[in-house]
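**Q** This is upload.txt (compact mmCIF, C-alpha atoms).
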# COMPACT_ATOMS: atom_id res chain seq x y z
CA MET Y 250 -30.35 19.96 38.05
CA LEU Y 251 -32.75 21.45 35.52
CA TRP Y 252 -30.38 20.43 32.70
CA SER Y 253 -30.23 16.77 33.79
CA ARG Y 254 -34.03 16.67 34.08
CA GLN Y 255 -34.38 17.98 30.51
CA CYS Y 256 -31.89 15.36 29.29
CA PHE Y 257 -33.87 12.60 30.99
CA ILE Y 258 -37.12 13.77 29.42
CA ARG Y 259 -35.51 13.96 25.94
CA ALA Y 260 -34.06 10.45 26.30
CA ALA Y 261 -37.45 9.11 27.35
CA VAL Y 262 -39.17 10.74 24.36
CA VAL Y 263 -36.56 9.42 21.87
CA GLY Y 264 -36.76 5.93 23.39
CA THR Y 265 -40.56 5.91 23.11
CA ILE Y 266 -40.40 6.99 19.45
CA LEU Y 267 -37.89 4.26 18.63
CA LEU Y 268 -40.01 1.62 20.34
CA CYS Y 269 -43.09 2.72 18.44
CA ARG Y 270 -41.25 3.03 15.09
CA PRO Y 271 -39.46 -0.22 14.25
CA ASP Y 272 -38.47 1.24 10.87
CA LEU Y 273 -36.32 3.81 12.67
CA SER Y 274 -34.91 1.46 15.29
CA GLY Y 275 -33.75 -0.87 12.49
CA ALA Y 276 -31.31 1.75 11.24
CA HIS Y 277 -28.46 0.18 13.18
CA GLN Y 278 -29.00 -3.07 11.31
CA GLN Y 279 -28.52 -1.27 8.03
CA PHE Y 280 -25.26 0.08 9.38
CA GLN Y 281 -24.07 -3.36 10.39
CA SER Y 282 -24.88 -4.79 6.99
CA PRO Y 283 -24.51 -2.01 4.46
CA THR Y 284 -25.27 -2.62 0.85
CA PRO Y 285 -22.29 -2.47 -1.50
CA ARG Y 286 -21.33 1.00 -2.66
CA PRO Y 287 -20.10 0.81 -6.23
CA SER Y 288 -18.16 3.65 -7.76
CA PRO Y 289 -20.05 6.55 -9.34
CA ALA Y 290 -19.23 5.11 -12.76
CA ALA Y 291 -21.27 2.08 -11.88
CA SER Y 292 -24.23 3.81 -10.36
CA ALA Y 293 -26.41 2.68 -13.23
CA SER Y 294 -25.31 -0.92 -12.88
CA PRO Y 295 -27.32 -3.52 -11.03
CA SER Y 296 -26.64 -4.38 -7.39
CA PRO Y 297 -23.36 -6.31 -7.25
CA MET Y 298 -24.57 -8.92 -4.80
CA PRO Y 299 -28.24 -9.76 -4.95
CA GLY Y 300 -27.62 -12.15 -2.08
CA THR Y 301 -27.15 -9.20 0.29
CA VAL Y 302 -30.68 -8.03 -0.35
CA GLU Y 303 -32.71 -11.20 -0.37
CA LYS Y 304 -31.66 -14.20 1.64
CA PRO Y 305 -34.60 -16.58 1.71
CA THR Y 306 -32.49 -19.65 2.45
CA GLN Y 307 -28.87 -20.06 3.39
CA PRO Y 308 -27.18 -22.67 1.22
CA GLU Y 309 -24.89 -25.08 2.97
CA LEU Y 310 -21.94 -24.07 0.82
CA LEU Y 311 -21.42 -20.60 -0.60
CA VAL Y 312 -18.54 -19.60 -2.81
CA ILE Y 313 -17.86 -15.89 -3.31
CA ILE Y 314 -16.17 -15.27 -6.66
CA ASP Y 315 -14.30 -11.99 -7.00
CA PRO Y 316 -13.61 -10.88 -10.58
CA SER Y 317 -10.68 -8.59 -9.88
CA HIS Y 318 -10.44 -4.95 -11.02
CA GLY Y 319 -13.35 -3.25 -12.84
CA GLY Y 320 -14.48 0.24 -13.82
CA ASP Y 321 -11.57 2.64 -14.13
CA ASP Y 322 -9.24 -0.03 -12.81
CA LYS Y 323 -8.56 -2.03 -15.98
CA GLY Y 324 -5.90 -4.29 -14.46
CA VAL Y 325 -3.45 -5.70 -17.00
CA VAL Y 326 -3.81 -4.25 -20.49
CA PHE Y 327 -2.91 -7.25 -22.66
CA ALA Y 328 -3.65 -5.46 -25.95
CA PRO Y 329 -5.81 -2.52 -27.03
CA HIS Y 330 -9.33 -3.37 -25.75
CA VAL Y 331 -8.16 -6.57 -24.03
CA PHE Y 332 -8.29 -5.78 -20.31
CA GLU Y 333 -7.84 -7.98 -17.28
CA LYS Y 334 -11.09 -6.65 -15.75
CA ASP Y 335 -13.16 -8.08 -18.65
CA LEU Y 336 -11.36 -11.43 -18.76
CA THR Y 337 -11.80 -11.95 -15.01
CA LEU Y 338 -15.52 -11.19 -15.22
CA ALA Y 339 -16.00 -13.61 -18.11
CA VAL Y 340 -14.18 -16.42 -16.27
CA ALA Y 341 -15.99 -15.62 -13.00
CA ARG Y 342 -19.40 -15.94 -14.69
CA LEU Y 343 -18.41 -19.30 -16.18
CA LEU Y 344 -17.11 -20.46 -12.80
CA ARG Y 345 -20.39 -19.48 -11.12
CA LYS Y 346 -22.33 -21.55 -13.65
CA GLU Y 347 -20.01 -24.55 -13.25
CA LEU Y 348 -20.33 -24.41 -9.45
CA GLN Y 349 -24.11 -24.07 -9.60
CA ASP Y 350 -24.23 -27.08 -11.95
CA ARG Y 351 -22.45 -29.01 -9.18
CA GLY Y 352 -24.98 -27.90 -6.55
CA ILE Y 353 -22.73 -25.27 -4.95
CA ALA Y 354 -24.16 -21.78 -4.45
CA ALA Y 355 -21.95 -19.05 -5.87
CA HIS Y 356 -22.16 -15.26 -5.95
CA LEU Y 357 -20.06 -12.74 -7.84
CA LEU Y 358 -18.73 -9.69 -6.00
CA ARG Y 359 -19.36 -7.71 -9.18
CA ASP Y 360 -21.44 -8.79 -12.16
CA SER Y 361 -20.82 -5.73 -14.32
CA ASP Y 362 -18.10 -3.20 -15.00
CA PHE Y 363 -17.51 -1.14 -11.85
CA SER Y 364 -14.74 -0.84 -9.34
CA ILE Y 365 -14.79 -1.96 -5.72
CA PRO Y 366 -11.93 -0.96 -3.39
CA LEU Y 367 -9.90 -3.90 -2.11
CA GLU Y 368 -10.87 -3.41 1.55
CA ARG Y 369 -14.53 -3.25 0.55
CA ARG Y 370 -14.18 -6.52 -1.36
CA ALA Y 371 -13.03 -8.20 1.86
CA GLU Y 372 -15.87 -6.61 3.85
CA LEU Y 373 -18.50 -7.68 1.33
CA CYS Y 374 -17.15 -11.21 1.32
CA ASN Y 375 -16.88 -11.50 5.11
CA GLN Y 376 -20.45 -10.24 5.59
CA GLN Y 377 -21.69 -13.23 3.57
CA ARG Y 378 -19.82 -15.74 5.81
CA PRO Y 379 -18.92 -17.83 2.75
CA SER Y 380 -17.40 -21.29 2.59
CA LEU Y 381 -14.76 -20.09 0.12
CA TYR Y 382 -13.50 -16.85 -1.44
CA ILE Y 383 -11.87 -17.11 -4.83
CA ALA Y 384 -10.34 -14.12 -6.62
CA VAL Y 385 -9.91 -14.34 -10.38
CA HIS Y 386 -6.95 -12.58 -12.01
CA ALA Y 387 -5.20 -12.63 -15.37
CA GLY Y 388 -1.60 -11.63 -15.97
CA GLU Y 389 1.73 -11.97 -17.70
CA PRO Y 390 3.98 -13.87 -18.22
CA GLY Y 391 3.66 -17.61 -18.83
CA LYS Y 392 0.90 -19.99 -19.80
CA GLY Y 393 -1.77 -21.91 -17.93
CA VAL Y 394 -3.03 -20.98 -14.48
CA ARG Y 395 -1.28 -19.92 -11.28
CA VAL Y 396 -3.13 -20.75 -8.06
CA TYR Y 397 -2.21 -18.45 -5.18
CA ILE Y 398 -2.59 -18.91 -1.46
CA PRO Y 399 -1.98 -16.12 1.07
CA ILE Y 400 1.18 -15.63 3.09
CA LEU Y 401 0.60 -14.40 6.60
CA PRO Y 402 2.99 -12.65 8.97
CA PRO Y 403 4.62 -15.26 11.23
CA VAL Y 404 3.14 -13.83 14.44
CA GLN Y 405 -0.65 -13.54 14.50
CA GLN Y 406 -1.64 -12.68 18.05
CA SER Y 407 -5.29 -12.09 18.74
CA VAL Y 408 -6.17 -9.08 20.85
CA ASN Y 409 -9.06 -9.82 23.24
CA GLY Y 410 -10.16 -12.62 20.93
CA PHE Y 411 -9.97 -10.47 17.78
CA LEU Y 412 -7.48 -11.21 15.05
CA PRO Y 413 -5.72 -8.28 13.38
CA TRP Y 414 -7.41 -7.34 10.09
CA GLU Y 415 -4.24 -8.20 8.20
CA ALA Y 416 -4.17 -11.70 9.71
CA ALA Y 417 -7.90 -12.50 9.55
CA GLN Y 418 -7.08 -15.36 7.19
CA GLY Y 419 -4.91 -17.07 9.85
CA PRO Y 420 -7.31 -19.74 11.16
CA GLU Y 421 -8.37 -20.70 7.60
CA LEU Y 422 -4.90 -20.91 6.04
CA LYS Y 423 -4.75 -24.69 6.27
CA ASN Y 424 -8.07 -25.03 4.43
CA SER Y 425 -6.96 -22.49 1.81
CA ASN Y 426 -3.88 -24.65 1.17
CA ALA Y 427 -5.98 -27.79 0.83
CA ILE Y 428 -8.40 -26.19 -1.62
CA ALA Y 429 -5.58 -24.67 -3.69
CA GLY Y 430 -4.04 -28.15 -3.89
CA ALA Y 431 -7.32 -29.69 -5.05
CA VAL Y 432 -7.83 -26.97 -7.69
CA THR Y 433 -4.26 -27.33 -8.97
CA ARG Y 434 -4.65 -31.11 -9.28
CA GLU Y 435 -7.89 -30.75 -11.25
CA LEU Y 436 -6.32 -28.20 -13.60
CA LYS Y 437 -3.43 -30.58 -14.28
CA LYS Y 438 -5.87 -33.44 -14.88
CA LYS Y 439 -7.44 -31.32 -17.63
CA ASP Y 440 -3.97 -30.82 -19.17
CA ILE Y 441 -3.83 -27.17 -18.13
CA LYS Y 442 -0.41 -26.09 -16.93
CA ALA Y 443 -0.91 -25.20 -13.27
CA LEU Y 444 1.40 -23.82 -10.61
CA GLU Y 445 0.61 -23.41 -6.93
CA MET Y 446 2.28 -20.38 -5.34
CA LYS Y 447 2.15 -18.12 -2.32
CA ALA Y 448 1.43 -14.42 -2.68
CA PHE Y 449 1.13 -11.19 -0.73
CA LEU Y 450 -2.04 -10.56 -2.69
CA ARG Y 451 -4.70 -8.23 -1.37
CA PRO Y 452 -7.30 -8.88 -0.01
CA LEU Y 453 -6.64 -12.59 0.67
CA ASN Y 454 -5.25 -11.92 4.17
CA ASN Y 455 -8.42 -10.10 5.22
CA ILE Y 456 -10.81 -12.92 4.39
CA VAL Y 457 -12.27 -14.95 7.27
CA ALA Y 458 -12.98 -18.00 5.07
CA PRO Y 459 -10.65 -20.20 3.03
CA ALA Y 460 -9.29 -17.91 0.32
CA ILE Y 461 -7.42 -18.54 -2.92
CA ALA Y 462 -6.74 -16.66 -6.14
CA VAL Y 463 -6.40 -18.03 -9.64
CA GLU Y 464 -4.46 -16.13 -12.29
CA LEU Y 465 -4.81 -17.04 -15.94
CA ALA Y 466 -1.43 -16.48 -17.54
CA ALA Y 467 -0.60 -15.27 -21.03
CA ASP Y 468 2.66 -14.53 -22.77
CA ARG Y 469 3.36 -11.10 -24.21
CA SER Y 470 3.71 -12.70 -27.63
CA ASP Y 471 0.15 -14.02 -27.51
CA PRO Y 472 -1.97 -11.37 -25.75
CA HIS Y 473 -5.29 -12.56 -27.20
CA SER Y 474 -4.98 -16.17 -26.01
CA LEU Y 475 -7.00 -15.51 -22.84
CA GLU Y 476 -10.01 -14.36 -24.87
CA SER Y 477 -10.57 -17.93 -26.04
CA ALA Y 478 -13.96 -19.12 -24.77
CA ARG Y 479 -12.67 -22.68 -24.91
CA LEU Y 480 -9.76 -21.90 -22.58
CA GLN Y 481 -11.95 -19.90 -20.21
CA THR Y 482 -14.51 -22.73 -20.00
CA ALA Y 483 -11.80 -25.36 -19.48
CA VAL Y 484 -10.30 -23.35 -16.61
CA ALA Y 485 -13.70 -22.66 -15.02
CA THR Y 486 -14.65 -26.35 -15.25
CA ALA Y 487 -11.38 -27.49 -13.70
CA VAL Y 488 -11.52 -24.94 -10.88
CA ALA Y 489 -15.16 -25.87 -10.12
CA SER Y 490 -14.21 -29.58 -10.10
CA GLY Y 491 -11.37 -28.83 -7.68
CA ILE Y 492 -13.70 -26.93 -5.36
CA ALA Y 493 -16.25 -29.75 -5.53
CA GLN Y 494 -13.48 -32.23 -4.69
CA ALA Y 495 -12.52 -30.15 -1.65
CA ARG Y 496 -16.06 -29.93 -0.24
CA ASN Y 497 -14.91 -31.55 2.99
CA GLN Y 498 -12.48 -28.72 3.66
CA LEU Y 499 -15.04 -26.03 2.86
CA GLY Y 500 -17.47 -26.83 5.64
CA ALA Y 501 -20.87 -25.35 6.20
CA ARG Y 502 -21.41 -21.60 6.50
CA LYS Y 503 -20.91 -20.16 9.96
CA MET M 1465 23.02 67.13 -31.07
CA ILE M 1466 24.52 63.96 -29.51
CA PRO M 1467 28.28 63.68 -30.02
CA ARG M 1468 29.35 60.86 -32.38
CA HIS M 1469 31.63 59.15 -29.86
CA PHE M 1470 28.75 59.01 -27.38
CA GLN M 1471 26.49 57.40 -30.01
CA ILE M 1472 29.14 54.74 -30.71
CA THR M 1473 29.58 53.96 -27.00
CA ILE M 1474 25.81 53.61 -26.47
CA SER M 1475 25.54 51.33 -29.53
CA PHE M 1476 28.33 49.09 -28.22
CA LEU M 1477 26.67 48.91 -24.80
CA LEU M 1478 23.26 47.96 -26.28
CA ALA M 1479 24.89 45.31 -28.46
CA ALA M 1480 26.75 43.91 -25.43
CA ILE M 1481 23.47 43.75 -23.41
CA LEU M 1482 21.72 41.97 -26.31
CA ILE M 1483 24.52 39.40 -26.71
CA ALA M 1484 24.65 38.78 -22.94
CA GLY M 1485 20.85 38.29 -22.87
CA ILE M 1486 20.95 35.75 -25.70
CA PHE M 1487 23.83 33.92 -23.99
CA ILE M 1488 21.93 33.73 -20.68
CA ILE M 1489 18.75 32.42 -22.36
CA THR M 1490 20.74 29.75 -24.26
CA LEU M 1491 22.57 28.70 -21.07
CA ARG M 1492 19.32 28.44 -19.11
CA HIS M 1493 17.66 26.36 -21.84
CA SER M 1494 20.57 23.92 -22.00
CA GLU M 1495 20.56 23.52 -18.17
CA GLU M 1496 16.81 22.80 -18.17
CA THR M 1497 17.27 20.18 -20.87
CA LYS M 1498 20.07 18.55 -18.88
CA THR M 1499 17.93 18.48 -15.72
CA GLN M 1500 14.98 16.91 -17.55
CA GLN M 1501 17.22 14.29 -19.11
CA GLY M 1502 18.63 13.52 -15.68
CA LEU M 1503 15.16 13.09 -14.17
CA ALA M 1504 13.96 10.88 -17.00
CA ALA M 1505 16.94 8.60 -16.80
CA GLY M 1506 16.90 5.44 -14.73
CA PRO M 1507 18.53 5.06 -11.38
CA GLN M 1508 21.76 6.98 -11.16
CA ALA M 1509 24.88 5.06 -10.41
CA PRO M 1510 25.26 4.79 -6.67
CA GLU M 1511 27.01 7.82 -5.24
CA ALA M 1512 30.71 7.24 -4.87
CA GLN M 1513 30.41 6.96 -1.10
CA GLY M 1514 32.11 4.18 0.78
CA LYS M 1515 34.30 1.68 -0.93
CA GLU M 1516 33.59 -0.37 -3.99
CA GLU M 1517 32.45 -3.88 -3.10
CA THR M 1518 31.24 -6.95 -4.92
CA ILE M 1519 27.73 -7.53 -3.64
CA ALA M 1520 25.12 -10.23 -4.29
CA VAL M 1521 21.84 -9.08 -5.81
CA LEU M 1522 18.77 -11.23 -6.45
CA VAL M 1523 17.68 -10.55 -10.02
CA ALA M 1524 14.23 -11.35 -11.48
CA TYR M 1525 14.10 -13.02 -14.90
CA ASP M 1526 10.64 -12.71 -16.46
CA GLU M 1527 11.35 -15.12 -19.26
CA ASP M 1528 11.68 -18.17 -17.02
CA MET M 1529 9.81 -16.70 -14.02
CA ALA M 1530 12.83 -17.15 -11.77
CA LEU M 1531 14.99 -15.19 -9.35
CA ARG M 1532 18.75 -15.74 -9.47
CA TRP M 1533 21.64 -14.40 -7.41
CA ARG M 1534 24.16 -12.33 -9.37
CA LYS M 1535 27.36 -10.53 -8.35
CA THR M 1536 27.74 -6.85 -9.11
CA GLU M 1537 30.08 -4.00 -8.16
CA ALA M 1538 28.65 -1.16 -6.06
CA PHE M 1539 29.92 1.59 -3.79
CA MET M 1540 28.74 0.53 -0.34
CA PRO M 1541 28.83 3.11 2.48
CA ASP M 1542 29.26 2.03 6.10
CA GLU M 1543 26.00 3.60 7.35
CA ARG M 1544 23.28 0.95 7.22
CA ASP M 1545 20.57 3.14 5.66
CA LEU M 1546 22.89 4.39 2.90
CA ARG M 1547 24.13 0.84 2.41
CA ALA M 1548 20.52 -0.32 1.99
CA ARG M 1549 19.85 2.35 -0.61
CA ALA M 1550 23.01 1.47 -2.54
CA ALA M 1551 22.04 -2.23 -2.56
CA LEU M 1552 18.49 -1.48 -3.77
CA ARG M 1553 19.82 0.81 -6.52
CA ALA M 1554 22.21 -1.90 -7.61
CA VAL M 1555 19.21 -4.20 -8.20
CA LEU M 1556 17.27 -1.52 -10.07
CA ALA M 1557 20.33 -0.82 -12.23
CA GLN M 1558 20.11 -4.46 -13.40
CA TYR M 1559 16.53 -3.85 -14.55
CA GLN M 1560 17.43 -0.66 -16.43
CA GLN M 1561 19.90 -2.50 -18.65
CA SER M 1562 19.05 -3.22 -22.24
CA PRO M 1563 17.88 -5.90 -22.79
CA SER M 1564 16.37 -6.02 -19.33
CA PRO M 1565 15.63 -9.32 -17.56
CA HIS M 1566 12.70 -7.63 -15.79
CA PRO M 1567 11.78 -4.28 -17.41
CA LEU M 1568 10.71 -1.47 -15.10
CA ALA M 1569 9.55 2.01 -16.07
CA SER M 1570 12.08 4.69 -16.84
CA GLY M 1571 12.61 6.73 -13.68
CA ALA M 1572 11.95 3.79 -11.32
CA ASP M 1573 14.32 4.55 -8.47
CA ILE M 1574 14.78 4.69 -4.71
CA LYS M 1575 14.23 8.20 -3.35
CA ASP M 1576 15.21 7.52 0.22
CA VAL M 1577 15.58 4.87 2.85
CA TYR M 1578 14.74 5.30 6.55
CA LEU M 1579 15.97 2.97 9.25
CA LEU M 1580 13.65 2.60 12.26
CA ASN M 1581 14.68 0.87 15.50
CA ASP M 1582 17.68 -0.75 13.78
CA ASP M 1583 15.54 -3.58 12.35
CA THR M 1584 12.82 -1.90 10.26
CA LEU M 1585 13.39 -0.24 6.93
CA LEU M 1586 11.09 2.22 5.15
CA VAL M 1587 11.90 2.35 1.46
CA ASP M 1588 10.59 5.42 -0.37
CA THR M 1589 10.41 4.80 -4.11
CA THR M 1590 9.83 7.26 -6.93
CA ALA M 1591 6.34 7.54 -8.46
CA PRO M 1592 7.40 5.86 -11.77
CA PHE M 1593 8.50 2.79 -9.79
CA ALA M 1594 4.83 2.01 -9.02
CA ASP M 1595 2.97 4.00 -11.69
CA GLY M 1596 4.91 2.40 -14.53
CA HIS M 1597 5.26 -1.08 -13.04
CA PRO M 1598 3.78 -3.87 -15.18
CA SER M 1599 0.50 -4.99 -13.60
CA SER M 1600 0.65 -8.71 -12.77
CA VAL M 1601 0.61 -10.71 -9.53
CA LEU M 1602 3.74 -12.57 -10.53
CA LEU M 1603 5.77 -9.64 -11.85
CA GLU M 1604 4.95 -7.42 -8.87
CA GLU M 1605 5.88 -10.19 -6.48
CA MET M 1606 9.17 -10.82 -8.28
CA THR M 1607 10.14 -7.14 -8.02
CA LEU M 1608 9.50 -6.89 -4.29
CA THR M 1609 11.08 -10.26 -3.51
CA SER M 1610 14.25 -9.38 -5.42
CA LEU M 1611 14.55 -6.04 -3.60
CA ILE M 1612 13.85 -7.41 -0.12
CA GLU M 1613 16.11 -10.44 -0.47
CA THR M 1614 18.94 -8.24 -1.74
CA LEU M 1615 18.48 -6.00 1.30
CA ALA M 1616 18.59 -8.99 3.63
CA ALA M 1617 21.81 -10.21 2.01
CA ASN M 1618 23.63 -6.89 2.22
CA VAL M 1619 22.25 -5.17 5.32
CA PRO M 1620 22.23 -7.66 8.21
CA GLY M 1621 19.78 -7.16 11.06
CA ILE M 1622 16.81 -5.94 8.99
CA THR M 1623 13.68 -7.95 9.84
CA ARG M 1624 10.85 -5.80 8.41
CA VAL M 1625 10.54 -3.70 5.27
CA LYS M 1626 7.79 -1.37 4.08
CA PHE M 1627 7.56 0.42 0.74
CA LEU M 1628 6.27 3.94 0.16
CA VAL M 1629 5.67 5.57 -3.20
CA ASP M 1630 6.78 9.18 -3.47
CA GLY M 1631 6.56 9.56 0.31
CA LYS M 1632 3.04 8.15 0.62
CA GLU M 1633 1.45 4.79 1.42
CA ARG M 1634 -0.12 2.94 -1.48
CA GLN M 1635 -2.39 -0.11 -1.33
CA THR M 1636 -0.69 -2.15 -4.02
CA LEU M 1637 2.35 -1.93 -6.25
CA ALA M 1638 0.43 -2.11 -9.54
CA GLY M 1639 -3.01 -3.39 -8.61
CA HIS M 1640 -2.11 -6.70 -6.99
CA VAL M 1641 0.71 -7.12 -4.51
CA ASP M 1642 0.31 -5.54 -1.09
CA LEU M 1643 2.23 -2.36 -0.20
CA MET M 1644 0.29 -1.47 2.97
CA ASN M 1645 1.93 -3.97 5.27
CA PHE M 1646 5.39 -4.41 6.63
CA TYR M 1647 7.07 -7.32 4.88
CA GLN M 1648 8.54 -9.80 7.34
CA LEU M 1649 11.84 -11.04 5.94
CA SER M 1650 11.19 -14.59 7.13
CA ALA M 1651 8.00 -14.72 5.02
CA VAL M 1652 9.80 -13.28 2.00
CA HIS M 1653 12.58 -15.91 2.34
CA GLU M 1654 9.85 -18.55 2.12
CA LEU M 1655 8.47 -16.95 -1.02
CA ALA M 1656 11.90 -16.54 -2.63
CA LYS M 1657 12.44 -20.32 -2.44
CA GLU M 1658 9.49 -20.78 -4.82
CA PHE M 1659 11.30 -18.77 -7.48
CA GLU M 1660 14.58 -20.69 -7.29
Show me, as C-alpha cells, the structure contained in the file I just sent.
**A**
Amino acid sequence: MLWSRQCFIRAAVVGTILLCRPDLSGAHQQFQSPTPRPSPAASASPSPMPGTVEKPTQPELLVIIDPSHGGDDKGVVFAPHVFEKDLTLAVARLLRKELQDRGIAAHLLRDSDFSIPLERRAELCNQQRPSLYIAVHAGEPGKGVRVYIPILPPVQQSVNGFLPWEAAQGPELKNSNAIAGAVTRELKKKDIKALEMKAFLRPLNNIVAPAIAVELAADRSDPHSLESARLQTAVATAVASGIAQARNQLGARK
Amino acid sequence: MIPRHFQITISFLLAAILIAGIFIITLRHSEETKTQQGLAAGPQAPEAQGKEETIAVLVAYDEDMALRWRKTEAFMPDERDLRARAALRAVLAQYQQSPSPHPLASGADIKDVYLLNDDTLLVDTTAPFADGHPSSVLLEEMTLTSLIETLAANVPGITRVKFLVDGKERQTLAGHVDLMNFYQLSAVHELAKEFE
C-alpha cells in the first residue's frame, strides 16, 4: 500500500517537471528523428544532411541522392587512388546541381568522405519522406550507365498495416520502374549507352519512396575513364532530365 | 673409466636420436606446406561420392556480361544437400579455371550446405568467397544468379536460398548485392532472363 502511494507521488512529480520543462519533454521527438551518426572517421565532417536540422519550407519535390560507400568503405578500387566512393560523390554533387537548376530540391545523404551503414541510409532517407531516392554507384565491367530497379520477394503481406522492412519498397515499385525508364531514355538521347536492369541491391528494398540506382560502368582496360568531368556532367545532366521528365510519377512529398 | 664398447653404443644411440629428430622436423614441415597449399587452392574437385553425371551449370561471362548454360561432369550424390554442394562446387570450378570467364578469389569455395524444411537451402561459403569478390553491382549479381540458377536446375524442390560467409550472416557480398535476405528462386529466374 505504502509502496503504491510512493510510486503515485513519484509519477506525479515527474509529470509536473515534464510539463514545466518543455526542453525535457521534447526528448522523445529527438529519438523519433535522430540526427545522422557518421562514423568516427567522419566526426570532423559537416552534418551529412542539413535538411534534417533546418526545415523552413517543405519543397513539393525532394530527391535524396545517395553517393554510395565512403570513409573506410572505398567501394570498387578502379586504380590506385581511384575509388568508387569518390566518383559517386562527384557525380552526386553534379546531379544535385542539375536537379536544383530544374527547380527540384535535392539533398545528398553524405557530402564528404564518411561511411554510413546501409540500414541507416534507408532510415535517413525515409525520415525525409522524399519524392525519389537515387543511389549512385560505379563499377566494372562495361561502358555507359546501368540503371537498376529493386526486385522484391513475390509475397509482400502487410502485418497489421505495416509492410516488412525488406518489402517497404513494394507500393512504390511501379513508380520506380517508370522513373528508371525515363532516366534510361534520357541517357540514350544523350548518346550514353544505358541499360535498365533489376537488382537485389541494398538498401533499395527498404525505401518507402520510388527508388532507383545508377551505376557508371568502366572497363578494366580503362580504369580512369570515370574520372572525366565531361562524362560525369553528361551523366548527371541526363539523369536530372529523366527525373524532371518523370515529375508526374514522383508526386508531392507525403 | 667408461668401457670403450659402452662409449660406442651411447654414441650410436645419440646419433640415431639426432637423425630421427631431423627426420621428424622435415616430415612435419612438408606436411604443413602441403596443408597450406591445399587451403590456398581453389575449390577441390567434388568428393567422389555418388555417380558421375553430366550436369548443367549457369556460367557467368564478364566479358559480354552474360550468363550461359554449360554442361560439365560432376559426381552427384543422392542426398539433396550433398547434391546441392556438388552442383555449387561445379560452378565455382568453372571460375577457378585459367583463363576464367568470371574470376573469383583463390580459396572461394562452399564450406557447407544445410537443407531446411526440404525447400530452403542455407549455403555457407568460405571467407575468401566474399572477401576477395570483385566489388560491383553487376559482378556480384552475376555470381549469385549463376549459383542459384544452377541449384534450381540440379536440386528440384528448392524455393529459397540464403548465403552465409564463414558461418555468419553478412549484409552484402562485396558492398552491393544483398546477402541478408532469402533469395526466392522465382525472383532469381526473372533476373537470370536479363542476362540471357
**Q** Between atom CA of M:Asp1573 and atom CA of M:Ala1550, what is the distance in Å, rounded to a tenth?
**A**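 Atom CA of M:Asp1573 sits 11.0 Å away from atom CA of M:Ala1550.
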**Q** Find the spatial neighbours of M:Lys1535, counting all atoms listed in the file, within a cut-off of 8 Å - ignore same-chain residues fewer than 4 positions away - and output them as a PyMOL selection string.
**A** chain M and resi 1518-1521
**Q** Kindly determine which residues of chain Y lie within 10 Å of chain M, considering only C-alpha atoms, and give the answer as an MDAnalysis selection string.
**A** chainID Y and resid 317:318 322:327 333 366:368 386:391 395 397 400:404 415 445:452 454 464 466 468
**Q** Could you check how far atom CA of Y:Ile313 sits from atom CA of Y:His473, in Å to one decimal?
**A**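 So the answer is 27.2 Å.
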**Q** Excluding stretch 426-443 of chain Y and any residue of its chain fewer than 4 positions from it, enumerate the residues within 10 Å of it, using all atoms listed in the file, and give them as a PyMOL selection string.
**A** chain Y and resi 381+383+391-399+421-422+447+459-466+480+483-499
**Q** Could you name the residues that touch M:Leu1531 at 8 Å or less, counting only C-alpha atoms, but leaving out those on the same chain fewer than 2 positions away, as a short mmCIF file (atom, residue, chain, number, x, y, z; two decimals) with C-alpha atoms, in the frame of the given file?
**A**
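File written: result_21.cif
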data_model
loop_
_atom_site.label_atom_id
_atom_site.label_comp_id
_atom_site.auth_asym_id
_atom_site.auth_seq_id
_atom_site.Cartn_x
_atom_site.Cartn_y
_atom_site.Cartn_z
CA LEU M 1522 18.77 -11.23 -6.45
CA VAL M 1523 17.68 -10.55 -10.02
CA ALA M 1524 14.23 -11.35 -11.48
CA TYR M 1525 14.10 -13.02 -14.90
CA MET M 1529 9.81 -16.70 -14.02
CA TRP M 1533 21.64 -14.40 -7.41
CA MET M 1606 9.17 -10.82 -8.28
CA SER M 1610 14.25 -9.38 -5.42
CA ALA M 1656 11.90 -16.54 -2.63
CA PHE M 1659 11.30 -18.77 -7.48
CA GLU M 1660 14.58 -20.69 -7.29
#
**Q** Using only C-alpha atoms, pick whichever of M:Glu1495, M:Arg1534, M:Val1587, M:Glu1543 has the shortest atom-to-atom distance to M:Lys1515.
**A**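 When distances to M:Lys1515 are compared using only C-alpha atoms, the smallest one comes from M:Glu1543.
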